[in-house]
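The file entry.cif contains mmCIF, C-alpha atoms and all ligand atoms:
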```
data_final
loop_
_atom_site.group_PDB
_atom_site.id
_atom_site.type_symbol
_atom_site.label_atom_id
_atom_site.label_comp_id
_atom_site.auth_asym_id
_atom_site.auth_seq_id
_atom_site.Cartn_x
_atom_site.Cartn_y
_atom_site.Cartn_z
ATOM 1 C CA MET M 1 -3.489 3.256 -18.785
ATOM 2 C CA SER M 2 -0.082 1.917 -17.665
ATOM 3 C CA VAL M 3 0.594 0.528 -14.162
ATOM 4 C CA GLU M 4 2.636 3.667 -13.382
ATOM 5 C CA GLY M 5 -0.157 5.981 -14.592
ATOM 6 C CA ARG M 6 -2.771 4.273 -12.415
ATOM 7 C CA VAL M 7 -0.502 4.236 -9.334
ATOM 8 C CA LYS M 8 0.353 7.899 -9.813
ATOM 9 C CA ASP M 9 -3.319 8.893 -10.168
ATOM 10 C CA HIS M 10 -4.215 6.885 -7.067
ATOM 11 C CA PHE M 11 -1.588 8.554 -4.875
ATOM 12 C CA ASP M 12 -2.282 12.005 -6.272
ATOM 13 C CA ALA M 13 -5.890 11.569 -5.112
ATOM 14 C CA ASP M 14 -4.998 9.772 -1.851
ATOM 15 C CA ALA M 15 -2.030 11.873 -0.660
ATOM 16 C CA ALA M 16 -3.679 13.601 2.309
ATOM 17 C CA ARG M 17 -5.322 10.408 3.598
ATOM 18 C CA PHE M 18 -2.050 8.475 3.326
ATOM 19 C CA ASP M 19 -0.085 11.224 5.063
ATOM 20 C CA ALA M 20 -2.605 11.319 7.940
ATOM 21 C CA ILE M 21 -1.542 7.781 8.965
ATOM 22 C CA TYR M 22 1.498 9.438 10.558
ATOM 23 C CA ASP M 23 -0.563 11.946 12.554
ATOM 24 C CA ASP M 24 -1.324 11.279 16.200
ATOM 25 C CA ALA M 25 -4.227 13.728 16.351
ATOM 26 C CA LYS M 26 -7.148 11.429 15.630
ATOM 27 C CA GLY M 27 -9.988 9.815 17.547
ATOM 28 C CA PRO M 28 -9.735 6.406 19.252
ATOM 29 C CA VAL M 29 -11.722 4.578 16.540
ATOM 30 C CA ALA M 30 -9.630 5.978 13.678
ATOM 31 C CA ARG M 31 -6.485 5.214 15.669
ATOM 32 C CA PHE M 32 -7.565 1.611 16.286
ATOM 33 C CA ILE M 33 -8.381 1.065 12.588
ATOM 34 C CA ASP M 34 -5.074 2.615 11.527
ATOM 35 C CA ASP M 35 -3.176 0.475 14.001
ATOM 36 C CA VAL M 36 -4.755 -2.829 12.925
ATOM 37 C CA TRP M 37 -4.913 -2.070 9.214
ATOM 38 C CA ARG M 38 -1.921 0.179 8.587
ATOM 39 C CA GLY M 39 0.143 -0.173 11.760
ATOM 40 C CA VAL M 40 2.982 -1.504 9.626
ATOM 41 C CA VAL M 41 3.437 1.976 8.114
ATOM 42 C CA ARG M 42 4.499 3.377 11.494
ATOM 43 C CA ARG M 43 6.327 0.224 12.630
ATOM 44 C CA ARG M 44 8.574 0.118 9.578
ATOM 45 C CA TYR M 45 9.246 3.864 9.915
ATOM 46 C CA LEU M 46 10.533 3.394 13.483
ATOM 47 C CA LEU M 47 12.581 0.350 12.426
ATOM 48 C CA VAL M 48 14.260 2.220 9.562
ATOM 49 C CA LEU M 49 15.173 5.200 11.742
ATOM 50 C CA GLU M 50 16.704 2.903 14.336
ATOM 51 C CA ARG M 51 18.675 0.923 11.728
ATOM 52 C CA LEU M 52 20.039 3.978 9.866
ATOM 53 C CA GLU M 53 21.442 5.765 12.886
ATOM 54 C CA PRO M 54 23.787 7.600 13.021
ATOM 55 C CA LEU M 55 22.476 9.781 10.189
ATOM 56 C CA ALA M 56 24.498 12.903 10.915
ATOM 57 C CA GLY M 57 26.366 14.072 7.815
ATOM 58 C CA LYS M 58 25.063 11.295 5.576
ATOM 59 C CA THR M 59 23.411 11.423 2.172
ATOM 60 C CA VAL M 60 20.202 9.449 1.816
ATOM 61 C CA LEU M 61 17.919 8.565 -1.093
ATOM 62 C CA ASP M 62 14.265 7.756 -0.382
ATOM 63 C CA VAL M 63 12.519 6.077 -3.320
ATOM 64 C CA GLY M 64 8.726 6.521 -3.486
ATOM 65 C CA CYS M 65 9.058 9.051 -0.681
ATOM 66 C CA GLY M 66 5.351 9.918 -0.628
ATOM 67 C CA SER M 67 4.667 12.844 1.691
ATOM 68 C CA GLY M 68 8.315 12.786 2.761
ATOM 69 C CA ARG M 69 7.970 11.520 6.330
ATOM 70 C CA TYR M 70 11.197 9.504 6.121
ATOM 71 C CA CYS M 71 13.096 12.340 4.406
ATOM 72 C CA LEU M 72 12.019 14.788 7.105
ATOM 73 C CA ALA M 73 13.179 12.440 9.851
ATOM 74 C CA TYR M 74 16.549 11.887 8.110
ATOM 75 C CA ALA M 75 17.068 15.649 7.795
ATOM 76 C CA GLN M 76 15.975 16.271 11.399
ATOM 77 C CA ARG M 77 18.545 13.689 12.543
ATOM 78 C CA GLY M 78 21.332 15.569 10.792
ATOM 79 C CA ALA M 79 21.569 14.039 7.314
ATOM 80 C CA ALA M 80 23.557 16.400 5.102
ATOM 81 C CA ARG M 81 21.446 15.817 2.003
ATOM 82 C CA VAL M 82 18.259 13.891 1.423
ATOM 83 C CA VAL M 83 16.771 13.183 -1.996
ATOM 84 C CA GLY M 84 13.124 12.088 -2.073
ATOM 85 C CA VAL M 85 11.550 11.029 -5.356
ATOM 86 C CA ASP M 86 7.904 10.313 -6.084
ATOM 87 C CA PHE M 87 5.845 10.615 -9.248
ATOM 88 C CA ALA M 88 2.699 11.787 -7.398
ATOM 89 C CA ALA M 89 2.940 15.592 -7.371
ATOM 90 C CA ALA M 90 0.380 15.859 -4.540
ATOM 91 C CA MET M 91 2.665 13.765 -2.324
ATOM 92 C CA ILE M 92 5.696 15.941 -3.105
ATOM 93 C CA ASP M 93 3.656 19.107 -2.390
ATOM 94 C CA LEU M 94 2.920 17.758 1.095
ATOM 95 C CA ALA M 95 6.570 16.788 1.577
ATOM 96 C CA ARG M 96 7.726 20.323 0.715
ATOM 97 C CA GLN M 97 5.132 21.890 3.044
ATOM 98 C CA HIS M 98 6.227 19.652 5.939
ATOM 99 C CA ALA M 99 9.901 20.385 5.265
ATOM 100 C CA GLN M 100 9.264 24.119 5.171
ATOM 101 C CA ARG M 101 7.314 23.996 8.458
ATOM 102 C CA LEU M 102 10.046 21.945 10.152
ATOM 103 C CA GLY M 103 12.865 24.111 8.815
ATOM 104 C CA VAL M 104 14.669 21.305 6.938
ATOM 105 C CA LEU M 105 13.848 22.258 3.337
ATOM 106 C CA ASP M 106 17.480 23.294 2.725
ATOM 107 C CA HIS M 107 18.614 19.717 3.314
ATOM 108 C CA CYS M 108 15.850 18.098 1.254
ATOM 109 C CA ASP M 109 15.693 17.751 -2.510
ATOM 110 C CA PHE M 110 12.170 16.568 -3.392
ATOM 111 C CA ARG M 111 11.649 15.500 -6.999
ATOM 112 C CA VAL M 112 8.421 14.847 -8.855
ATOM 113 C CA GLY M 113 9.217 11.982 -11.200
ATOM 114 C CA SER M 114 9.730 8.285 -11.708
ATOM 115 C CA PHE M 115 12.450 6.224 -10.179
ATOM 116 C CA PRO M 116 15.028 5.523 -11.557
ATOM 117 C CA GLU M 117 14.813 8.174 -14.316
ATOM 118 C CA SER M 118 14.606 11.080 -11.854
ATOM 119 C CA VAL M 119 17.740 10.102 -9.955
ATOM 120 C CA PRO M 120 20.649 10.277 -12.409
ATOM 121 C CA ASP M 121 22.948 11.502 -9.615
ATOM 122 C CA GLY M 122 24.476 9.705 -6.651
ATOM 123 C CA PRO M 123 25.862 7.735 -4.924
ATOM 124 C CA PHE M 124 24.197 7.972 -1.503
ATOM 125 C CA ASP M 125 25.356 6.586 1.824
ATOM 126 C CA ALA M 126 21.974 4.941 2.318
ATOM 127 C CA SER M 127 18.777 4.359 0.392
ATOM 128 C CA THR M 128 15.282 3.356 1.417
ATOM 129 C CA ALA M 129 12.149 2.217 -0.427
ATOM 130 C CA MET M 130 9.376 1.634 2.072
ATOM 131 C CA GLY M 131 5.841 0.790 0.977
ATOM 132 C CA PHE M 132 7.090 1.231 -2.590
ATOM 133 C CA PHE M 133 7.414 -2.224 -4.160
ATOM 134 C CA ASP M 134 3.700 -2.767 -3.407
ATOM 135 C CA TYR M 135 3.114 -0.713 -6.580
ATOM 136 C CA VAL M 136 5.918 -1.921 -8.865
ATOM 137 C CA ALA M 137 5.316 -4.514 -11.596
ATOM 138 C CA ASP M 138 8.999 -5.313 -12.236
ATOM 139 C CA PRO M 139 11.139 -4.679 -9.136
ATOM 140 C CA VAL M 140 14.447 -6.220 -10.325
ATOM 141 C CA PRO M 141 15.808 -3.236 -12.344
ATOM 142 C CA LEU M 142 14.724 -0.829 -9.603
ATOM 143 C CA VAL M 143 16.425 -2.797 -6.818
ATOM 144 C CA ALA M 144 19.518 -3.116 -9.030
ATOM 145 C CA ARG M 145 19.581 0.660 -9.604
ATOM 146 C CA MET M 146 19.179 1.323 -5.867
ATOM 147 C CA ARG M 147 22.149 -0.969 -5.250
ATOM 148 C CA GLU M 148 24.255 0.936 -7.806
ATOM 149 C CA LEU M 149 23.332 4.230 -6.142
ATOM 150 C CA THR M 150 24.045 3.089 -2.577
ATOM 151 C CA ARG M 151 27.393 2.976 -0.813
ATOM 152 C CA SER M 152 26.389 1.385 2.441
ATOM 153 C CA THR M 153 22.867 0.484 3.592
ATOM 154 C CA MET M 154 19.714 -0.248 1.593
ATOM 155 C CA ILE M 155 16.373 -0.849 3.302
ATOM 156 C CA MET M 156 13.304 -2.039 1.399
ATOM 157 C CA SER M 157 9.895 -3.422 2.276
ATOM 158 C CA PHE M 158 7.872 -5.987 0.327
ATOM 159 C CA PRO M 159 4.247 -6.736 1.289
ATOM 160 C CA LYS M 160 3.433 -10.370 2.015
ATOM 161 C CA ALA M 161 1.126 -12.289 -0.313
ATOM 162 C CA ARG M 162 0.116 -14.741 2.416
ATOM 163 C CA GLU M 163 -1.204 -12.655 5.232
ATOM 164 C CA TRP M 164 -4.664 -12.313 6.759
ATOM 165 C CA ARG M 165 -5.209 -8.774 5.412
ATOM 166 C CA ALA M 166 -3.952 -9.566 1.884
ATOM 167 C CA PRO M 167 -7.330 -10.588 0.297
ATOM 168 C CA LEU M 168 -9.091 -7.483 1.618
ATOM 169 C CA ARG M 169 -6.208 -5.287 0.585
ATOM 170 C CA ARG M 170 -6.293 -6.751 -2.941
ATOM 171 C CA LEU M 171 -10.032 -6.067 -3.087
ATOM 172 C CA ARG M 172 -9.673 -2.508 -1.821
ATOM 173 C CA PHE M 173 -6.995 -1.641 -4.399
ATOM 174 C CA TRP M 174 -8.898 -3.409 -7.185
ATOM 175 C CA LEU M 175 -11.986 -1.319 -6.379
ATOM 176 C CA ALA M 176 -9.820 1.810 -6.322
ATOM 177 C CA GLY M 177 -8.336 0.911 -9.730
ATOM 178 C CA CYS M 178 -4.778 0.893 -8.372
ATOM 179 C CA PRO M 179 -2.396 -1.998 -9.168
ATOM 180 C CA LEU M 180 -1.037 -3.837 -6.125
ATOM 181 C CA PHE M 181 1.773 -6.415 -6.055
ATOM 182 C CA LEU M 182 2.232 -8.832 -3.155
ATOM 183 C CA TYR M 183 5.183 -11.189 -2.674
ATOM 184 C CA SER M 184 6.120 -14.599 -1.340
ATOM 185 C CA GLU M 185 9.371 -14.911 0.598
ATOM 186 C CA ALA M 186 10.831 -16.999 -2.259
ATOM 187 C CA ARG M 187 9.949 -14.289 -4.805
ATOM 188 C CA VAL M 188 11.641 -11.541 -2.767
ATOM 189 C CA ARG M 189 14.774 -13.646 -2.432
ATOM 190 C CA GLU M 190 14.762 -14.254 -6.218
ATOM 191 C CA ILE M 191 14.421 -10.507 -6.866
ATOM 192 C CA LEU M 192 17.345 -9.726 -4.548
ATOM 193 C CA LYS M 193 19.527 -12.354 -6.212
ATOM 194 C CA ALA M 194 18.644 -11.151 -9.723
ATOM 195 C CA ALA M 195 19.357 -7.538 -8.676
ATOM 196 C CA GLY M 196 22.795 -8.454 -7.295
ATOM 197 C CA VAL M 197 22.037 -8.039 -3.585
ATOM 198 C CA PRO M 198 23.912 -11.004 -2.113
ATOM 199 C CA SER M 199 23.494 -10.685 1.637
ATOM 200 C CA TYR M 200 20.964 -8.984 3.843
ATOM 201 C CA ASP M 201 19.078 -9.104 7.129
ATOM 202 C CA TRP M 202 15.557 -10.423 6.761
ATOM 203 C CA ILE M 203 12.888 -9.070 9.104
ATOM 204 C CA ASP M 204 9.345 -10.365 9.303
ATOM 205 C CA LEU M 205 7.441 -7.225 10.248
ATOM 206 C CA ASP M 206 3.656 -7.413 10.486
ATOM 207 C CA ARG M 207 2.300 -7.555 6.907
ATOM 208 C CA ASP M 208 5.715 -6.812 5.307
ATOM 209 C CA TYR M 209 9.075 -8.439 4.755
ATOM 210 C CA VAL M 210 11.787 -5.874 5.434
ATOM 211 C CA VAL M 211 15.200 -6.355 3.827
ATOM 212 C CA ILE M 212 18.274 -4.562 5.178
ATOM 213 C CA ALA M 213 21.303 -4.929 2.937
ATOM 214 C CA THR M 214 24.644 -3.689 4.190
ATOM 215 C CA LEU M 215 26.688 -3.277 1.036
ATOM 216 C CA ASN M 216 29.800 -1.804 2.566
ATOM 217 C CA PRO M 217 29.704 -1.424 6.354
ATOM 218 C CA ALA M 218 33.130 0.188 6.439
ATOM 219 C CA PHE M 219 32.160 3.106 4.201
ATOM 220 C CA PRO M 220 32.376 6.334 6.203
ATOM 221 C CA SER M 221 29.522 8.810 6.256
ATOM 222 C CA SER M 222 29.907 12.020 4.233
ATOM 223 C CA GLN M 223 30.601 13.922 7.454
ATOM 224 C CA SER M 224 33.330 11.606 8.729
ATOM 225 C CA HIS M 225 34.724 11.396 5.197
ATOM 226 C CA SER M 226 35.106 15.187 4.944
ATOM 227 C CA ARG M 227 36.538 15.260 8.467
ATOM 228 C CA ILE M 228 39.163 12.649 7.516
ATOM 229 C CA VAL M 229 40.012 14.575 4.341
ATOM 230 C CA GLY M 230 40.298 17.763 6.420
ATOM 231 C CA GLU M 231 42.587 16.147 8.961
ATOM 232 C CA ALA M 232 44.796 14.716 6.235
ATOM 233 C CA ARG M 233 45.305 18.203 4.811
ATOM 234 C CA GLU M 234 46.435 19.657 8.130
HETATM 235 C C1 LIG M 301 2.432 3.980 -0.097
HETATM 236 S S1 LIG M 301 3.340 5.316 -0.663
HETATM 237 C C2 LIG M 301 4.714 5.204 0.494
HETATM 238 C C3 LIG M 301 5.313 6.546 0.807
HETATM 239 C C4 LIG M 301 6.471 6.545 1.808
HETATM 240 N N1 LIG M 301 7.564 5.702 1.361
HETATM 241 C C5 LIG M 301 6.010 6.141 3.175
HETATM 242 O O1 LIG M 301 6.139 4.956 3.501
HETATM 243 O O2 LIG M 301 5.503 7.010 3.908
HETATM 244 C C6 LIG M 301 4.118 4.724 -2.172
HETATM 245 C C7 LIG M 301 4.591 5.858 -3.061
HETATM 246 O O3 LIG M 301 5.382 5.330 -4.138
HETATM 247 C C8 LIG M 301 5.164 6.181 -5.258
HETATM 248 N N2 LIG M 301 5.636 5.440 -6.463
HETATM 249 C C9 LIG M 301 5.270 4.199 -6.867
HETATM 250 N N3 LIG M 301 5.978 3.836 -7.968
HETATM 251 C C10 LIG M 301 6.823 4.867 -8.247
HETATM 252 C C11 LIG M 301 7.841 5.086 -9.245
HETATM 253 N N4 LIG M 301 8.174 4.163 -10.177
HETATM 254 N N5 LIG M 301 8.531 6.247 -9.223
HETATM 255 C C12 LIG M 301 8.251 7.204 -8.284
HETATM 256 N N6 LIG M 301 7.312 7.046 -7.308
HETATM 257 C C13 LIG M 301 6.603 5.895 -7.291
HETATM 258 C C14 LIG M 301 3.685 6.485 -5.216
HETATM 259 O O4 LIG M 301 3.342 7.658 -5.916
HETATM 260 C C15 LIG M 301 3.444 6.617 -3.701
HETATM 261 O O5 LIG M 301 3.472 7.956 -3.254
#
```

Hey, can you dump this file as structure tokens for me?
Ligand SMILES: C[S@@+](CC[C@H](N)C(=O)[O-])C[C@H]1O[C@@H](n2cnc3c(N)ncnc32)[C@H](O)[C@@H]1O
Amino acid sequence: MSVEGRVKDHFDADAARFDAIYDDAKGPVARFIDDVWRGVVRRRYLLVLERLEPLAGKTVLDVGCGSGRYCLAYAQRGAARVVGVDFAAAMIDLARQHAQRLGVLDHCDFRVGSFPESVPDGPFDASTAMGFFDYVADPVPLVARMRELTRSTMIMSFPKAREWRAPLRRLRFWLAGCPLFLYSEARVREILKAAGVPSYDWIDLDRDYVVIATLNPAFPSSQSHSRIVGEARE
């Protein structure tokens, strides 16, 4: 089976467990394990929300959106339109249920499918791919496509190859039959160069490298853009 097929099967089976990382309602032991082992999932979520503000009126693409936790937060903070794409249908089911419960489904467009094929439209003010490149064999064309689709800010995470949890993580994914790709700093910088991302902030966050590329800081959000257009007509 292809890399994509095995990753998709893994996340279809693991959707509920992955989504539960974001839940606070759990016992102290489970919380401790989650914090030590998967604390980066919550830390990078908080970092992204801080770095994308203000979100009001913006359009955002979330690649490998999983159960949609980032998309929901973007919509709750006022994003005009959020597209989340993931090829694991069980993840997208959860994302739609959460969006319905939170009353933001109208602002969210969740798609079951592969990136980039499932996102022929665009551009977006911002794009994110968090915990995504861990499962991608050839990131360059995907980063390049994200860059083409993004007007202003792109945020991506890449898991570190040299990190104390990396050997155990490799073992766990090998046992689960799911491909896992880990990166050196030099490799991430090569990928960014090959994908045409010239400048970026580099953040060393727990077991990940987080890259924040500001492609065009002056580009107005969709909301301010429509407001400017409106004012010009008056
Ligand atoms: C670890 S989850 C991260 C979910 C979410 N970004 C988060 O951090 O909460 C990675 C997701 O990427 C999806 N994925 C991996 N490769 C993909 C591809 N080429 N196209 C669409 N989805 C993909 C998987 O199905 C999985 O749900």

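Put simply, atom CA of M:Ala73 is 9.7 Å away from atom CA of M:Leu55.
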
Query raised in the report: Where does the PyMOL selection byres (((not hetatm)) within 6 of (chain M and resi 301)) land in this file, that is, which residues does it pick, as a PyMOL selection string?
Result: chain M and resi 8+11+64-66+69+85-88+91+113-115+130-132+135-136

Requested in this report: On this file, the PyMOL selection byres (((chain M and resi 211) around 12) and not hetatm) gives some set of residues; write that set as JSON, numbers by chain.
Outcome: {"M": [44, 47, 48, 51, 127, 128, 129, 130, 133, 143, 153, 154, 155, 156, 157, 158, 159, 185, 188, 189, 191, 192, 197, 198, 199, 200, 201, 202, 203, 204, 205, 208, 209, 210, 212, 213, 214]}

Given the selection you just returned, output its residues as a file containing C-alpha atoms, formatted as a compact mmCIF listing (two decimals), keeping the file's coordinate frame.
```txt
# COMPACT_ATOMS: atom_id res chain seq x y z
CA ARG M 44 8.57 0.12 9.58
CA LEU M 47 12.58 0.35 12.43
CA VAL M 48 14.26 2.22 9.56
CA ARG M 51 18.68 0.92 11.73
CA SER M 127 18.78 4.36 0.39
CA THR M 128 15.28 3.36 1.42
CA ALA M 129 12.15 2.22 -0.43
CA MET M 130 9.38 1.63 2.07
CA PHE M 133 7.41 -2.22 -4.16
CA VAL M 143 16.42 -2.80 -6.82
CA THR M 153 22.87 0.48 3.59
CA MET M 154 19.71 -0.25 1.59
CA ILE M 155 16.37 -0.85 3.30
CA MET M 156 13.30 -2.04 1.40
CA SER M 157 9.90 -3.42 2.28
CA PHE M 158 7.87 -5.99 0.33
CA PRO M 159 4.25 -6.74 1.29
CA GLU M 185 9.37 -14.91 0.60
CA VAL M 188 11.64 -11.54 -2.77
CA ARG M 189 14.77 -13.65 -2.43
CA ILE M 191 14.42 -10.51 -6.87
CA LEU M 192 17.34 -9.73 -4.55
CA VAL M 197 22.04 -8.04 -3.58
CA PRO M 198 23.91 -11.00 -2.11
CA SER M 199 23.49 -10.68 1.64
CA TYR M 200 20.96 -8.98 3.84
CA ASP M 201 19.08 -9.10 7.13
CA TRP M 202 15.56 -10.42 6.76
CA ILE M 203 12.89 -9.07 9.10
CA ASP M 204 9.35 -10.36 9.30
CA LEU M 205 7.44 -7.22 10.25
CA ASP M 208 5.72 -6.81 5.31
CA TYR M 209 9.07 -8.44 4.76
CA VAL M 210 11.79 -5.87 5.43
CA ILE M 212 18.27 -4.56 5.18
CA ALA M 213 21.30 -4.93 2.94
CA THR M 214 24.64 -3.69 4.19
```

Query raised in the report: What is the atom CA of M:Pro179-atom CA of M:Ala16 distance in Å, reported with one decimal?
Result: 19.4 Å

Can you pull out every residue within 12 Å of M:Arg101, counting only C-alpha atoms, but drop anything in the same chain fewer than 5 positions away, and send it as an mmCIF file with C-alpha atoms, in the coordinates of the input?
```
data_model
loop_
_atom_site.group_PDB
_atom_site.id
_atom_site.type_symbol
_atom_site.label_atom_id
_atom_site.label_comp_id
_atom_site.auth_asym_id
_atom_site.auth_seq_id
_atom_site.Cartn_x
_atom_site.Cartn_y
_atom_site.Cartn_z
ATOM 1 C CA LEU M 72 12.019 14.788 7.105
ATOM 2 C CA GLN M 76 15.975 16.271 11.399
ATOM 3 C CA LEU M 94 2.920 17.758 1.095
ATOM 4 C CA ALA M 95 6.570 16.788 1.577
ATOM 5 C CA ARG M 96 7.726 20.323 0.715
ATOM 6 C CA ASP M 106 17.480 23.294 2.725
#
```

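Using all atoms listed in the file, the nearest neighbour of M:Val63 within the list M:Tyr183, M:Phe110, M:Tyr22, M:Trp174 is M:Phe110.
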